[in-house]
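Undergrad: This one is data.cif, mmCIF, C-alpha atoms and all ligand atoms.
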```
data_upload
#
loop_
_atom_site.label_atom_id
_atom_site.label_comp_id
_atom_site.auth_asym_id
_atom_site.auth_seq_id
_atom_site.Cartn_x
_atom_site.Cartn_y
_atom_site.Cartn_z
CA MET A 216 -4.96 -16.31 -16.26
CA ALA A 217 -6.92 -18.15 -18.92
CA GLY A 218 -10.18 -16.60 -20.19
CA THR A 219 -11.40 -13.06 -20.65
CA PRO A 220 -9.95 -10.28 -18.52
CA VAL A 221 -11.95 -9.03 -15.54
CA GLN A 222 -13.45 -5.58 -16.21
CA VAL A 223 -12.36 -2.89 -13.79
CA GLY A 224 -13.54 0.67 -13.13
CA ILE A 225 -11.40 3.37 -11.50
CA ILE A 226 -12.90 5.85 -9.04
CA GLY A 227 -10.46 8.69 -8.33
CA CYS A 228 -8.42 9.94 -11.30
CA GLY A 229 -5.75 11.98 -9.50
CA ALA A 230 -1.97 11.82 -9.27
CA ILE A 231 -1.56 8.05 -8.76
CA SER A 232 -4.17 6.88 -11.27
CA GLY A 233 -1.78 7.13 -14.24
CA ALA A 234 0.56 4.54 -12.68
CA TYR A 235 -2.36 2.09 -12.39
CA LEU A 236 -3.63 2.76 -15.88
CA GLY A 237 -0.20 2.45 -17.48
CA MET A 238 0.59 -0.83 -15.73
CA ALA A 239 -2.90 -2.30 -16.23
CA ASN A 240 -2.46 -1.92 -19.99
CA THR A 241 0.40 -4.47 -19.76
CA LEU A 242 -1.52 -7.10 -17.72
CA GLU A 243 -3.72 -9.85 -19.13
CA ALA A 244 -5.93 -10.40 -16.10
CA ILE A 245 -7.70 -7.01 -16.04
CA ASP A 246 -9.14 -4.44 -18.42
CA ILE A 247 -9.82 -0.94 -17.12
CA VAL A 248 -13.02 -0.03 -18.91
CA ALA A 249 -14.23 3.08 -17.06
CA CYS A 250 -12.96 6.07 -15.07
CA ALA A 251 -14.90 8.30 -12.68
CA ASP A 252 -14.02 11.21 -10.41
CA LEU A 253 -15.84 13.88 -8.42
CA MET A 254 -14.12 16.22 -10.88
CA PRO A 255 -15.44 14.98 -14.26
CA GLU A 256 -12.63 16.61 -16.25
CA ARG A 257 -10.10 14.42 -14.44
CA ALA A 258 -11.94 11.27 -15.49
CA CYS A 259 -12.11 12.53 -19.08
CA THR A 260 -8.40 13.40 -19.16
CA LYS A 261 -7.31 9.96 -17.89
CA ALA A 262 -9.75 8.13 -20.15
CA GLU A 263 -8.35 9.98 -23.16
CA GLU A 264 -4.71 9.56 -22.14
CA PHE A 265 -4.98 5.79 -21.54
CA SER A 266 -7.70 4.91 -24.12
CA VAL A 267 -10.25 3.94 -21.47
CA PRO A 268 -13.60 3.57 -23.28
CA ILE A 269 -15.86 5.21 -20.65
CA ALA A 270 -15.47 8.41 -18.58
CA CYS A 271 -18.53 8.72 -16.33
CA THR A 272 -19.89 9.66 -12.92
CA VAL A 273 -19.32 7.48 -9.86
CA ASP A 274 -22.99 6.41 -9.89
CA GLU A 275 -22.83 5.45 -13.56
CA LEU A 276 -19.67 3.42 -12.96
CA LEU A 277 -21.25 1.59 -10.04
CA ALA A 278 -24.36 0.85 -12.09
CA ASN A 279 -22.32 -0.66 -14.94
CA PRO A 280 -23.03 -4.42 -14.79
CA ASP A 281 -19.87 -5.32 -16.72
CA ILE A 282 -17.56 -3.93 -14.05
CA GLU A 283 -16.58 -6.55 -11.48
CA ILE A 284 -13.78 -4.75 -9.60
CA VAL A 285 -13.70 -1.10 -8.49
CA LEU A 286 -10.25 0.37 -8.07
CA ASN A 287 -10.73 3.01 -5.37
CA LEU A 288 -7.97 5.58 -5.92
CA THR A 289 -9.61 8.42 -4.00
CA ILE A 290 -8.00 10.24 -1.09
CA PRO A 291 -7.77 8.33 2.22
CA ARG A 292 -10.76 9.96 3.91
CA ALA A 293 -13.01 8.91 1.00
CA HIS A 294 -11.73 5.30 0.92
CA ALA A 295 -14.39 3.87 3.24
CA ASP A 296 -17.44 5.59 1.69
CA VAL A 297 -16.40 4.79 -1.88
CA ALA A 298 -15.60 1.17 -0.94
CA LEU A 299 -18.94 0.76 0.86
CA ALA A 300 -20.79 2.18 -2.16
CA ALA A 301 -18.94 -0.24 -4.46
CA ILE A 302 -19.71 -3.18 -2.18
CA ALA A 303 -23.38 -2.15 -1.98
CA ALA A 304 -23.41 -2.21 -5.79
CA GLY A 305 -22.12 -5.81 -5.67
CA LYS A 306 -18.58 -4.99 -6.83
CA HIS A 307 -15.31 -6.34 -5.51
CA VAL A 308 -13.24 -3.38 -4.37
CA TYR A 309 -9.52 -2.69 -4.28
CA ASN A 310 -8.59 0.41 -2.24
CA GLU A 311 -5.49 2.52 -2.47
CA LYS A 312 -3.66 2.60 0.84
CA PRO A 313 -4.37 2.94 3.66
CA LEU A 314 -7.40 0.64 3.55
CA THR A 315 -9.40 3.29 5.42
CA VAL A 316 -8.59 6.06 7.90
CA THR A 317 -10.02 4.45 11.06
CA ARG A 318 -10.12 0.87 12.27
CA GLU A 319 -13.90 1.17 12.64
CA GLU A 320 -14.26 2.10 8.96
CA GLY A 321 -11.94 -0.76 8.01
CA ARG A 322 -14.03 -3.27 9.94
CA ARG A 323 -17.23 -1.90 8.34
CA VAL A 324 -15.75 -2.35 4.86
CA LEU A 325 -14.60 -5.93 5.56
CA GLU A 326 -17.90 -6.89 7.22
CA ALA A 327 -20.00 -5.35 4.45
CA ALA A 328 -17.96 -7.21 1.82
CA GLN A 329 -18.30 -10.50 3.65
CA ALA A 330 -22.06 -10.01 3.96
CA ARG A 331 -22.35 -9.15 0.25
CA GLY A 332 -20.03 -12.00 -0.84
CA VAL A 333 -17.46 -9.73 -2.54
CA LEU A 334 -13.70 -9.39 -2.07
CA VAL A 335 -11.74 -6.49 -0.60
CA GLY A 336 -8.20 -5.89 -1.75
CA SER A 337 -5.87 -3.05 -0.91
CA ALA A 338 -2.63 -1.41 -1.90
CA PRO A 339 0.24 -1.59 -1.62
CA ASP A 340 0.99 -4.33 -4.09
CA THR A 341 4.70 -3.52 -4.27
CA PHE A 342 5.35 -6.80 -2.43
CA LEU A 343 4.29 -8.55 -5.66
CA GLY A 344 7.31 -7.01 -7.41
CA ALA A 345 10.55 -8.82 -8.21
CA GLY A 346 12.56 -7.43 -5.28
CA LEU A 347 10.31 -8.42 -2.38
CA GLN A 348 9.30 -11.72 -4.01
CA THR A 349 12.99 -12.61 -4.32
CA CYS A 350 13.57 -11.71 -0.66
CA ARG A 351 10.70 -13.95 0.45
CA THR A 352 11.99 -16.84 -1.65
CA LEU A 353 15.45 -16.49 -0.09
CA ILE A 354 13.95 -16.39 3.42
CA ASP A 355 11.72 -19.41 2.70
CA ASP A 356 14.79 -21.25 1.36
CA GLY A 357 16.55 -20.61 4.69
CA VAL A 358 19.38 -18.58 3.16
CA ILE A 359 19.67 -16.16 6.14
CA GLY A 360 18.44 -18.76 8.66
CA GLN A 361 15.59 -17.96 11.04
CA PRO A 362 14.69 -14.23 10.88
CA ILE A 363 15.14 -12.79 14.38
CA GLY A 364 14.69 -9.08 13.70
CA CYS A 365 14.36 -6.29 11.18
CA THR A 366 14.71 -2.52 10.87
CA ALA A 367 12.77 -0.23 8.54
CA PHE A 368 13.36 3.45 7.78
CA MET A 369 11.34 5.90 5.69
CA LEU A 370 13.02 9.22 6.39
CA GLY A 371 12.16 12.28 4.34
CA HIS A 372 10.73 15.78 4.49
CA GLY A 373 7.18 15.35 3.22
CA HIS A 374 5.34 15.88 -0.06
CA GLU A 375 4.37 19.58 -0.02
CA GLY A 376 7.26 20.42 -2.35
CA TRP A 377 5.88 18.49 -5.34
CA HIS A 378 2.29 17.21 -4.80
CA PRO A 379 -0.29 19.58 -6.33
CA ASP A 380 -2.78 18.96 -3.45
CA PRO A 381 -0.63 17.94 -0.46
CA GLU A 382 -3.02 18.99 2.34
CA PHE A 383 -4.20 15.43 3.08
CA TYR A 384 -0.69 14.33 4.07
CA TYR A 385 -0.93 16.55 7.18
CA GLN A 386 -4.57 15.94 8.08
CA LYS A 387 -6.22 13.10 10.01
CA GLY A 388 -5.46 9.89 8.12
CA GLY A 389 -2.20 11.38 6.79
CA GLY A 390 1.27 11.65 8.34
CA PRO A 391 4.32 9.56 7.38
CA MET A 392 3.15 6.34 9.02
CA PHE A 393 -0.28 6.29 7.35
CA ASP A 394 1.23 7.48 4.06
CA MET A 395 4.35 5.31 3.80
CA GLY A 396 3.93 2.81 6.64
CA PRO A 397 1.67 0.60 4.49
CA TYR A 398 4.56 -0.12 2.08
CA TYR A 399 6.95 -1.01 4.88
CA LEU A 400 4.50 -2.87 7.12
CA THR A 401 2.99 -4.80 4.21
CA ALA A 402 6.49 -5.79 3.09
CA LEU A 403 7.38 -6.84 6.64
CA THR A 404 4.13 -8.80 7.00
CA PHE A 405 4.82 -10.55 3.69
CA LEU A 406 8.42 -11.35 4.72
CA MET A 407 8.10 -11.90 8.50
CA GLY A 408 4.41 -12.73 9.10
CA PRO A 409 1.85 -10.93 11.25
CA THR A 410 2.61 -8.78 14.31
CA ARG A 411 1.47 -9.65 17.82
CA ARG A 412 2.33 -6.60 19.98
CA VAL A 413 3.64 -3.05 19.41
CA THR A 414 4.75 0.08 21.17
CA GLY A 415 5.64 3.53 19.80
CA ALA A 416 6.70 7.15 20.23
CA ASN A 417 6.05 10.15 17.99
CA ALA A 418 6.33 13.93 17.52
CA VAL A 419 5.02 16.91 15.53
CA THR A 420 8.27 18.76 14.78
CA PHE A 421 6.88 21.53 12.51
CA SER A 422 3.38 22.87 13.28
CA GLU A 423 2.81 24.09 9.70
CA ARG A 424 4.00 23.32 6.18
CA THR A 425 4.36 25.67 3.19
CA ILE A 426 3.26 24.33 -0.19
CA GLY A 427 6.03 24.51 -2.80
CA SER A 428 4.21 23.06 -5.83
CA GLU A 429 3.07 25.58 -8.44
CA LYS A 430 -0.69 26.03 -8.22
CA LYS A 431 -0.80 26.50 -4.43
CA ARG A 432 2.76 27.77 -3.88
CA GLY A 433 3.07 29.63 -0.56
CA GLN A 434 -0.17 28.35 0.97
CA ILE A 435 0.19 27.15 4.57
CA ILE A 436 -0.99 23.73 5.77
CA PRO A 437 -1.56 23.37 9.54
CA VAL A 438 -0.13 20.02 10.71
CA GLU A 439 -2.77 17.92 12.52
CA VAL A 440 -0.88 14.61 12.83
CA PRO A 441 2.49 13.34 14.15
CA THR A 442 5.16 13.67 11.48
CA HIS A 443 7.97 11.66 13.15
CA VAL A 444 6.64 8.23 14.12
CA VAL A 445 8.66 5.41 15.71
CA GLY A 446 7.34 1.88 16.28
CA VAL A 447 8.53 -1.40 17.79
CA MET A 448 6.90 -4.61 16.58
CA GLU A 449 6.93 -8.06 18.14
CA PHE A 450 6.05 -10.51 15.39
CA ALA A 451 3.97 -13.62 16.08
CA SER A 452 7.08 -15.60 15.04
CA GLY A 453 9.03 -14.12 17.98
CA ALA A 454 11.15 -11.82 15.77
CA ILE A 455 11.42 -8.14 16.77
CA GLY A 456 11.24 -5.18 14.36
CA SER A 457 11.67 -1.42 14.61
CA ILE A 458 10.43 1.20 12.15
CA ILE A 459 10.81 4.97 11.82
CA THR A 460 8.68 6.92 9.35
CA SER A 461 9.28 10.65 9.21
CA PHE A 462 8.40 13.80 7.25
CA ASP A 463 10.81 15.75 9.51
CA VAL A 464 14.22 14.48 8.33
CA TRP A 465 16.32 16.37 5.78
CA ALA A 466 18.89 13.62 5.10
CA SER A 467 19.68 10.03 6.09
CA GLN A 468 21.85 7.10 4.98
CA TRP A 469 19.77 4.28 6.52
CA ARG A 470 18.65 1.46 4.27
CA ASN A 471 14.90 1.04 3.74
CA ILE A 472 14.65 -2.43 5.29
CA GLU A 473 17.17 -4.95 6.68
CA ILE A 474 16.29 -8.43 7.91
CA TYR A 475 18.52 -10.15 10.44
CA GLY A 476 18.61 -13.95 10.42
CA THR A 477 20.46 -16.54 12.50
CA LEU A 478 22.81 -17.14 9.53
CA GLY A 479 23.15 -13.66 8.05
CA THR A 480 21.58 -10.36 7.00
CA MET A 481 19.47 -9.40 3.98
CA ILE A 482 19.09 -5.89 2.56
CA VAL A 483 15.58 -5.56 1.17
CA PRO A 484 14.96 -3.14 -1.72
CA ASP A 485 12.74 -0.07 -1.34
CA PRO A 486 9.25 -1.44 -0.56
CA ASN A 487 7.75 1.50 -2.48
CA GLY A 488 9.14 0.06 -5.73
CA GLY A 489 9.33 -3.36 -7.35
CA ALA A 490 13.04 -3.45 -8.20
CA GLY A 491 16.17 -4.84 -6.46
CA PRO A 492 18.95 -5.00 -5.57
CA VAL A 493 18.62 -7.66 -2.91
CA GLN A 494 21.86 -8.06 -0.95
CA ILE A 495 23.00 -10.79 1.42
CA ARG A 496 25.90 -11.09 3.82
CA LEU A 497 26.22 -14.31 5.78
CA ALA A 498 28.17 -15.04 8.97
CA GLY A 499 31.91 -15.03 8.22
CA GLU A 500 31.57 -13.16 4.89
CA THR A 501 33.31 -9.80 4.55
CA GLU A 502 31.43 -8.45 1.50
CA TRP A 503 27.77 -7.97 0.55
CA ARG A 504 26.72 -9.96 -2.51
CA GLU A 505 23.78 -9.27 -4.76
CA ALA A 506 21.17 -12.02 -5.09
CA PRO A 507 19.74 -12.35 -8.62
CA LEU A 508 16.04 -11.47 -8.92
CA THR A 509 13.94 -14.62 -9.31
CA HIS A 510 10.61 -13.01 -10.25
CA HIS A 511 8.99 -10.75 -12.85
CA TYR A 512 7.95 -7.12 -12.31
CA ALA A 513 11.19 -5.34 -11.47
CA GLY A 514 9.63 -1.94 -12.28
CA GLN A 515 6.12 -0.56 -11.73
CA THR A 516 3.78 -2.82 -9.73
CA ARG A 517 0.60 -0.74 -9.33
CA SER A 518 -2.35 -2.77 -10.69
CA LEU A 519 -0.65 -6.11 -9.90
CA GLY A 520 -2.67 -6.46 -6.69
CA ALA A 521 -5.92 -5.92 -8.60
CA ALA A 522 -4.76 -8.34 -11.32
CA ASP A 523 -3.94 -10.98 -8.69
CA MET A 524 -7.42 -10.39 -7.22
CA ALA A 525 -8.93 -10.91 -10.69
CA CYS A 526 -7.00 -14.19 -11.09
CA ALA A 527 -8.02 -15.26 -7.57
CA LEU A 528 -11.68 -14.62 -8.44
CA ARG A 529 -11.46 -16.80 -11.53
CA GLU A 530 -9.32 -19.50 -9.87
CA GLY A 531 -11.22 -19.60 -6.54
CA ARG A 532 -8.11 -18.99 -4.41
CA PRO A 533 -7.24 -16.25 -1.88
CA HIS A 534 -5.90 -12.98 -3.31
CA ARG A 535 -2.58 -11.76 -1.97
CA ALA A 536 -3.06 -7.99 -1.44
CA SER A 537 -6.01 -8.73 0.82
CA GLY A 538 -8.27 -6.47 2.86
CA GLU A 539 -7.46 -8.68 5.84
CA MET A 540 -3.73 -7.89 5.57
CA ALA A 541 -4.43 -4.19 4.91
CA TYR A 542 -6.63 -4.09 8.02
CA HIS A 543 -3.82 -5.70 10.06
CA VAL A 544 -1.41 -3.05 8.74
CA LEU A 545 -3.93 -0.29 9.59
CA ASP A 546 -4.28 -1.76 13.09
CA ILE A 547 -0.47 -1.77 13.54
CA MET A 548 -0.22 1.88 12.42
CA HIS A 549 -2.97 3.00 14.79
CA ALA A 550 -1.47 0.94 17.60
CA PHE A 551 1.90 2.74 17.19
CA HIS A 552 0.09 6.06 17.66
CA ASP A 553 -2.12 4.77 20.52
CA ALA A 554 0.89 3.29 22.33
CA ALA A 555 2.79 6.58 21.96
CA ARG A 556 -0.15 8.56 23.35
CA GLU A 557 -0.80 6.15 26.22
CA GLY A 558 2.84 5.27 26.98
CA THR A 559 2.18 1.53 26.80
CA HIS A 560 2.45 -1.69 24.77
CA ILE A 561 -0.57 -2.79 22.75
CA THR A 562 -1.43 -6.40 21.95
CA LEU A 563 -3.13 -6.35 18.56
CA GLU A 564 -6.63 -7.72 18.08
CA SER A 565 -6.08 -8.28 14.36
CA THR A 566 -3.90 -10.74 12.52
CA CYS A 567 -3.75 -12.03 8.96
CA ALA A 568 -2.48 -14.86 6.82
CA GLN A 569 1.01 -14.35 5.36
CA PRO A 570 0.34 -14.17 1.60
CA ASP A 571 1.83 -16.94 -0.55
CA PRO A 572 4.74 -15.85 -2.72
CA LEU A 573 4.25 -15.87 -6.48
CA LEU A 574 5.91 -18.74 -8.32
CA PRO A 575 9.21 -17.64 -9.88
CA GLY A 576 8.49 -16.56 -13.44
CA ALA A 577 4.71 -16.22 -12.86
CA THR A 578 2.87 -13.38 -14.64
CA LEU A 579 -0.53 -11.85 -13.94
N1 LIG B 601 0.39 10.44 -5.28
C1 LIG B 601 1.15 9.40 -5.02
O1 LIG B 601 2.35 9.36 -5.35
C2 LIG B 601 0.57 8.20 -4.34
C3 LIG B 601 1.36 7.09 -4.29
C4 LIG B 601 0.84 5.93 -3.74
C5 LIG B 601 -0.42 5.93 -3.23
N2 LIG B 601 -1.18 7.04 -3.23
C6 LIG B 601 -2.52 6.93 -2.64
O2 LIG B 601 -3.44 7.07 -3.70
C7 LIG B 601 -4.62 7.73 -3.23
C8 LIG B 601 -4.85 8.94 -4.10
O3 LIG B 601 -3.73 9.76 -4.03
P1 LIG B 601 -3.46 10.85 -5.16
O4 LIG B 601 -2.10 11.37 -4.90
O5 LIG B 601 -3.79 10.28 -6.51
O6 LIG B 601 -4.55 11.95 -4.72
P2 LIG B 601 -5.21 13.07 -5.64
O7 LIG B 601 -5.79 14.06 -4.71
O8 LIG B 601 -4.26 13.50 -6.69
O9 LIG B 601 -6.39 12.27 -6.38
C9 LIG B 601 -7.52 11.77 -5.73
C10 LIG B 601 -8.70 11.89 -6.68
O10 LIG B 601 -9.85 11.33 -6.08
C11 LIG B 601 -10.96 12.16 -6.35
N3 LIG B 601 -11.96 11.91 -5.29
C12 LIG B 601 -11.87 12.23 -3.98
N4 LIG B 601 -12.98 11.81 -3.33
C13 LIG B 601 -13.77 11.23 -4.24
C14 LIG B 601 -15.04 10.60 -4.19
N5 LIG B 601 -15.72 10.50 -3.05
N6 LIG B 601 -15.56 10.09 -5.33
C15 LIG B 601 -14.88 10.20 -6.51
N7 LIG B 601 -13.67 10.79 -6.62
C16 LIG B 601 -13.13 11.29 -5.51
C17 LIG B 601 -10.41 13.55 -6.35
O11 LIG B 601 -11.26 14.44 -7.06
C18 LIG B 601 -9.06 13.34 -7.02
O12 LIG B 601 -9.12 13.50 -8.42
C19 LIG B 601 -4.38 8.06 -1.76
O13 LIG B 601 -4.98 7.07 -0.98
C20 LIG B 601 -2.87 7.98 -1.61
O14 LIG B 601 -2.52 7.53 -0.31
C21 LIG B 601 -0.72 8.17 -3.81
#
```
Here is the file; what I need is its structure written in the form of structure tokens.
TA:
Amino acid sequence: MAGTPVQVGIIGCGAISGAYLGMANTLEAIDIVACADLMPERACTKAEEFSVPIACTVDELLANPDIEIVLNLTIPRAHADVALAAIAAGKHVYNEKPLTVTREEGRRVLEAAQARGVLVGSAPDTFLGAGLQTCRTLIDDGVIGQPIGCTAFMLGHGHEGWHPDPEFYYQKGGGPMFDMGPYYLTALTFLMGPTRRVTGANAVTFSERTIGSEKKRGQIIPVEVPTHVVGVMEFASGAIGSIITSFDVWASQWRNIEIYGTLGTMIVPDPNGGAGPVQIRLAGETEWREAPLTHHYAGQTRSLGAADMACALREGRPHRASGEMAYHVLDIMHAFHDAAREGTHITLESTCAQPDPLLPGATL
């Protein structure tokens, strides 16, 4: 992007903020100039660690006229209120995932932004990394033919073993689908397009979790949300996908994502990371072969979505990690849970544009 970087302020200086700050320091499009948190010492610590000039309160950050984009890295249940406050202050806002906890909150955020003339972006931006960009290029080039289906698996045993404050993973707005589904569903939306109809099934296998990380070791978390969540997606293209996200599984050998085309199959790299390998096996072939990565950002991606939003602002084009796509993903995740509860299929009310791929070799 030509010109001066867009100034960005971070609200929420917890576990994930370091990944954003570290990556942002390598990008030309944005400058993180201020950090704020409900816990002031967290803002001070991050500001010091990453040479951010200002550590301040949330109100001070929102009143700073130089800041154009607010990176909202608070916990999910604070996403809507912090985003609405940023929008009311005339800032563009980029939320961590999920966009918000409820669909109603998500709609309020998008409507408020539209009324105020500001943009909403949302994590994940891992689809801007080299692996998923390469996959999309191969699909667009017709290498595996017409995609007819896909499978996605995120199978693990939860975060209470390592996260210092893991309670939110088991409270409303948490669970494996709301935690990890955004990576998988955003990747699938980027690769396959929007979803038309879904159904689902789910379970709470363990009614409580015991924290294993140091500060709170031994404390019990009651589980308020399904922790084994299965969904079936019918894409607008006619392709069919299935996804399992689980915090109840001790071990698995399934690949993160596979895409099945009329000419062959593609193994998609972990959508919670920017790197390959991308593997292809076409009809008649007996071995998988690795496709070379065609794009930049094979490692960390966090901050790329905000940087793309900054470029989009300056260039007057749509940003890729959009609030519209994040709302569609939120709608899909809720619809899986609603369909499971009601024992039905749900035709989605939301849709979104499939984001354009980056040009091979493009940087932000
Ligand atoms: N930890 C991870 O590995 C990870 C990875 C990807 C995405 N995320 C997402 O990032 C977000 C944050 O996760 P985290 O792990 O960093 O959580 P965290 O609890 O470590 O940090 C959240 C921070 O936000 C602050 N905060 C909460 N409400 C606030 C408010 N209203 N105003 C100002 N500050 C507020 C808290 O004080 C805390 O410092 C979540 O949405 C999560 O889904 C986390």
Undergrad: I'd like to know which of A:Phe265, A:Phe342, A:Tyr384, A:Phe368 is closest to ligand LIG 601 (chain B), using all atoms listed in the file.
TA: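 Using all atoms listed in the file, ligand LIG 601 (chain B) sits closest to A:Tyr384.
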Undergrad: Could you jot down the atom CA of Thr341 of chain A to atom CA of Lys312 of chain A separation for me, Å, one decimal place?
TA: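 These atoms are spaced 11.6 Å apart.
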Undergrad: Which one of A:Ser452, A:Ser537, A:Ser266, A:Asn240 sits closest to Asn310 of chain A if you count only C-alpha atoms?
TA: A:Ser537
Undergrad: Would you work out the distance separating atom CA of Arg331 of chain A from atom CA of Thr404 of chain A, expressed in Å to one decimal?
TA: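 Interatomic distance, atom CA of Arg331 of chain A to atom CA of Thr404 of chain A: 27.3 Å.
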Undergrad: Give me the residues near His510 of chain A as a PyMOL selection string, where near means some atom within 7 Å (using all atoms listed in the file) and where sequence neighbours in that chain fewer than 4 positions away do not count.
TA: chain A and resi 345+348-349+575-576
Undergrad: Given the choices A:Val440, A:Ala451, A:Ile247, A:Cys365, which gets closest to Gly479 of chain A if the distance is worked out from only C-alpha atoms?
TA: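 The closest residue to Gly479 of chain A is A:Cys365.
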Undergrad: Within 7 Å of ligand LIG 601 (chain B), counting all atoms listed in the file: which residues, as a list in words?
TA: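 Those residues are Ile226, Gly227, Cys228, Gly229, Ala230, Ile231, Ser232, Ala251, Asp252, Leu253, Met254, Arg257, Val273, Leu288, Thr289, Ile290, Pro291, Ala293, Val297, Glu311, Lys312, Pro313, Asp380 and Asp394 of chain A.
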Undergrad: Just the number, please: distance in Å from atom CA of Asp296 of chain A to atom CA of Ile284 of chain A, one decimal.
TA: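 Here the two named atoms are 15.7 Å from each other.
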Undergrad: If we count all atoms listed in the file, what is near Thr562 of chain A at a cut-off of 10 Å, once residues fewer than 5 positions away on the same chain are taken out, given as an mmCIF file with C-alpha atoms, in the frame of the given file?
TA:
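After the write, part-v1.cif holds the following:
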```cif
data_model
loop_
_atom_site.group_PDB
_atom_site.id
_atom_site.type_symbol
_atom_site.label_atom_id
_atom_site.label_comp_id
_atom_site.auth_asym_id
_atom_site.auth_seq_id
_atom_site.Cartn_x
_atom_site.Cartn_y
_atom_site.Cartn_z
ATOM 1 C CA THR A 410 2.610 -8.780 14.310
ATOM 2 C CA ARG A 411 1.470 -9.650 17.820
ATOM 3 C CA ARG A 412 2.330 -6.600 19.980
ATOM 4 C CA VAL A 413 3.640 -3.050 19.410
ATOM 5 C CA THR A 414 4.750 0.080 21.170
ATOM 6 C CA GLU A 449 6.930 -8.060 18.140
ATOM 7 C CA ILE A 547 -0.470 -1.770 13.540
ATOM 8 C CA ALA A 550 -1.470 0.940 17.600
ATOM 9 C CA ALA A 554 0.890 3.290 22.330
#
```
Undergrad: Determine, using all atoms listed in the file, which residues of segment 233-297 of chain A have any atom at most 10 Å from an atom of segment 516-521 of chain A, and tabulate each with its shortest atom pair and distance in Å to one decimal place, rows ordered by chain and then rising number, as JSON lines.
TA:
```
{"residue": "A:Gly233", "atom": "CA", "partner": "A:Arg517", "partner_atom": "CA", "distance": 9.6}
{"residue": "A:Ala234", "atom": "CA", "partner": "A:Arg517", "partner_atom": "CA", "distance": 6.3}
{"residue": "A:Tyr235", "atom": "CA", "partner": "A:Arg517", "partner_atom": "CA", "distance": 5.1}
{"residue": "A:Leu236", "atom": "CA", "partner": "A:Ser518", "partner_atom": "CA", "distance": 7.7}
{"residue": "A:Gly237", "atom": "CA", "partner": "A:Arg517", "partner_atom": "CA", "distance": 8.8}
{"residue": "A:Met238", "atom": "CA", "partner": "A:Ser518", "partner_atom": "CA", "distance": 6.1}
{"residue": "A:Ala239", "atom": "CA", "partner": "A:Ser518", "partner_atom": "CA", "distance": 5.6}
{"residue": "A:Asn240", "atom": "CA", "partner": "A:Ser518", "partner_atom": "CA", "distance": 9.3}
{"residue": "A:Thr241", "atom": "CA", "partner": "A:Ser518", "partner_atom": "CA", "distance": 9.6}
{"residue": "A:Leu242", "atom": "CA", "partner": "A:Leu519", "partner_atom": "CA", "distance": 7.9}
{"residue": "A:Ala244", "atom": "CA", "partner": "A:Ala521", "partner_atom": "CA", "distance": 8.7}
{"residue": "A:Ile245", "atom": "CA", "partner": "A:Ala521", "partner_atom": "CA", "distance": 7.7}
{"residue": "A:Ile284", "atom": "CA", "partner": "A:Ala521", "partner_atom": "CA", "distance": 8.0}
{"residue": "A:Val285", "atom": "CA", "partner": "A:Ala521", "partner_atom": "CA", "distance": 9.2}
{"residue": "A:Leu286", "atom": "CA", "partner": "A:Ala521", "partner_atom": "CA", "distance": 7.7}
```
Undergrad: Just checking: using only C-alpha atoms, which residue out of A:Arg529, A:His511, A:Ile474, A:Gly336 ends up closest to Gly218 of chain A?
TA: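 Looking at the shortest contact to Gly218 of chain A, the residue is A:Arg529.
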Undergrad: Would you list the contacts of Met392 of chain A as a PyMOL selection string, taking every protein, DNA or RNA residue within 12 Å and counting only C-alpha atoms, but skipping same-chain residues closer than 6 positions in sequence?
TA: chain A and resi 312-313+316+367-371+373+384-385+398-400+415-418+440-446+458-462+544-552
Undergrad: For C-alpha atoms, I'd like the residues from the last selection saved as a short mmCIF file (atom, residue, chain, number, x, y, z; two decimals), in the coordinates of the input.
TA:
```
data_model
loop_
_atom_site.label_atom_id
_atom_site.label_comp_id
_atom_site.auth_asym_id
_atom_site.auth_seq_id
_atom_site.Cartn_x
_atom_site.Cartn_y
_atom_site.Cartn_z
CA LYS A 312 -3.66 2.60 0.84
CA PRO A 313 -4.37 2.94 3.66
CA VAL A 316 -8.59 6.06 7.90
CA ALA A 367 12.77 -0.23 8.54
CA PHE A 368 13.36 3.45 7.78
CA MET A 369 11.34 5.90 5.69
CA LEU A 370 13.02 9.22 6.39
CA GLY A 371 12.16 12.28 4.34
CA GLY A 373 7.18 15.35 3.22
CA TYR A 384 -0.69 14.33 4.07
CA TYR A 385 -0.93 16.55 7.18
CA TYR A 398 4.56 -0.12 2.08
CA TYR A 399 6.95 -1.01 4.88
CA LEU A 400 4.50 -2.87 7.12
CA GLY A 415 5.64 3.53 19.80
CA ALA A 416 6.70 7.15 20.23
CA ASN A 417 6.05 10.15 17.99
CA ALA A 418 6.33 13.93 17.52
CA VAL A 440 -0.88 14.61 12.83
CA PRO A 441 2.49 13.34 14.15
CA THR A 442 5.16 13.67 11.48
CA HIS A 443 7.97 11.66 13.15
CA VAL A 444 6.64 8.23 14.12
CA VAL A 445 8.66 5.41 15.71
CA GLY A 446 7.34 1.88 16.28
CA ILE A 458 10.43 1.20 12.15
CA ILE A 459 10.81 4.97 11.82
CA THR A 460 8.68 6.92 9.35
CA SER A 461 9.28 10.65 9.21
CA PHE A 462 8.40 13.80 7.25
CA VAL A 544 -1.41 -3.05 8.74
CA LEU A 545 -3.93 -0.29 9.59
CA ASP A 546 -4.28 -1.76 13.09
CA ILE A 547 -0.47 -1.77 13.54
CA MET A 548 -0.22 1.88 12.42
CA HIS A 549 -2.97 3.00 14.79
CA ALA A 550 -1.47 0.94 17.60
CA PHE A 551 1.90 2.74 17.19
CA HIS A 552 0.09 6.06 17.66
#
```
Undergrad: Within 12 Å of (-18.8, 9.4, -14.4) (coordinates as in the file), grab all the protein and nucleic acid residues, counting all atoms listed in the file, and write them out as a PyMOL selection string.
TA: chain A and resi 224-228+248-259+262+268-279
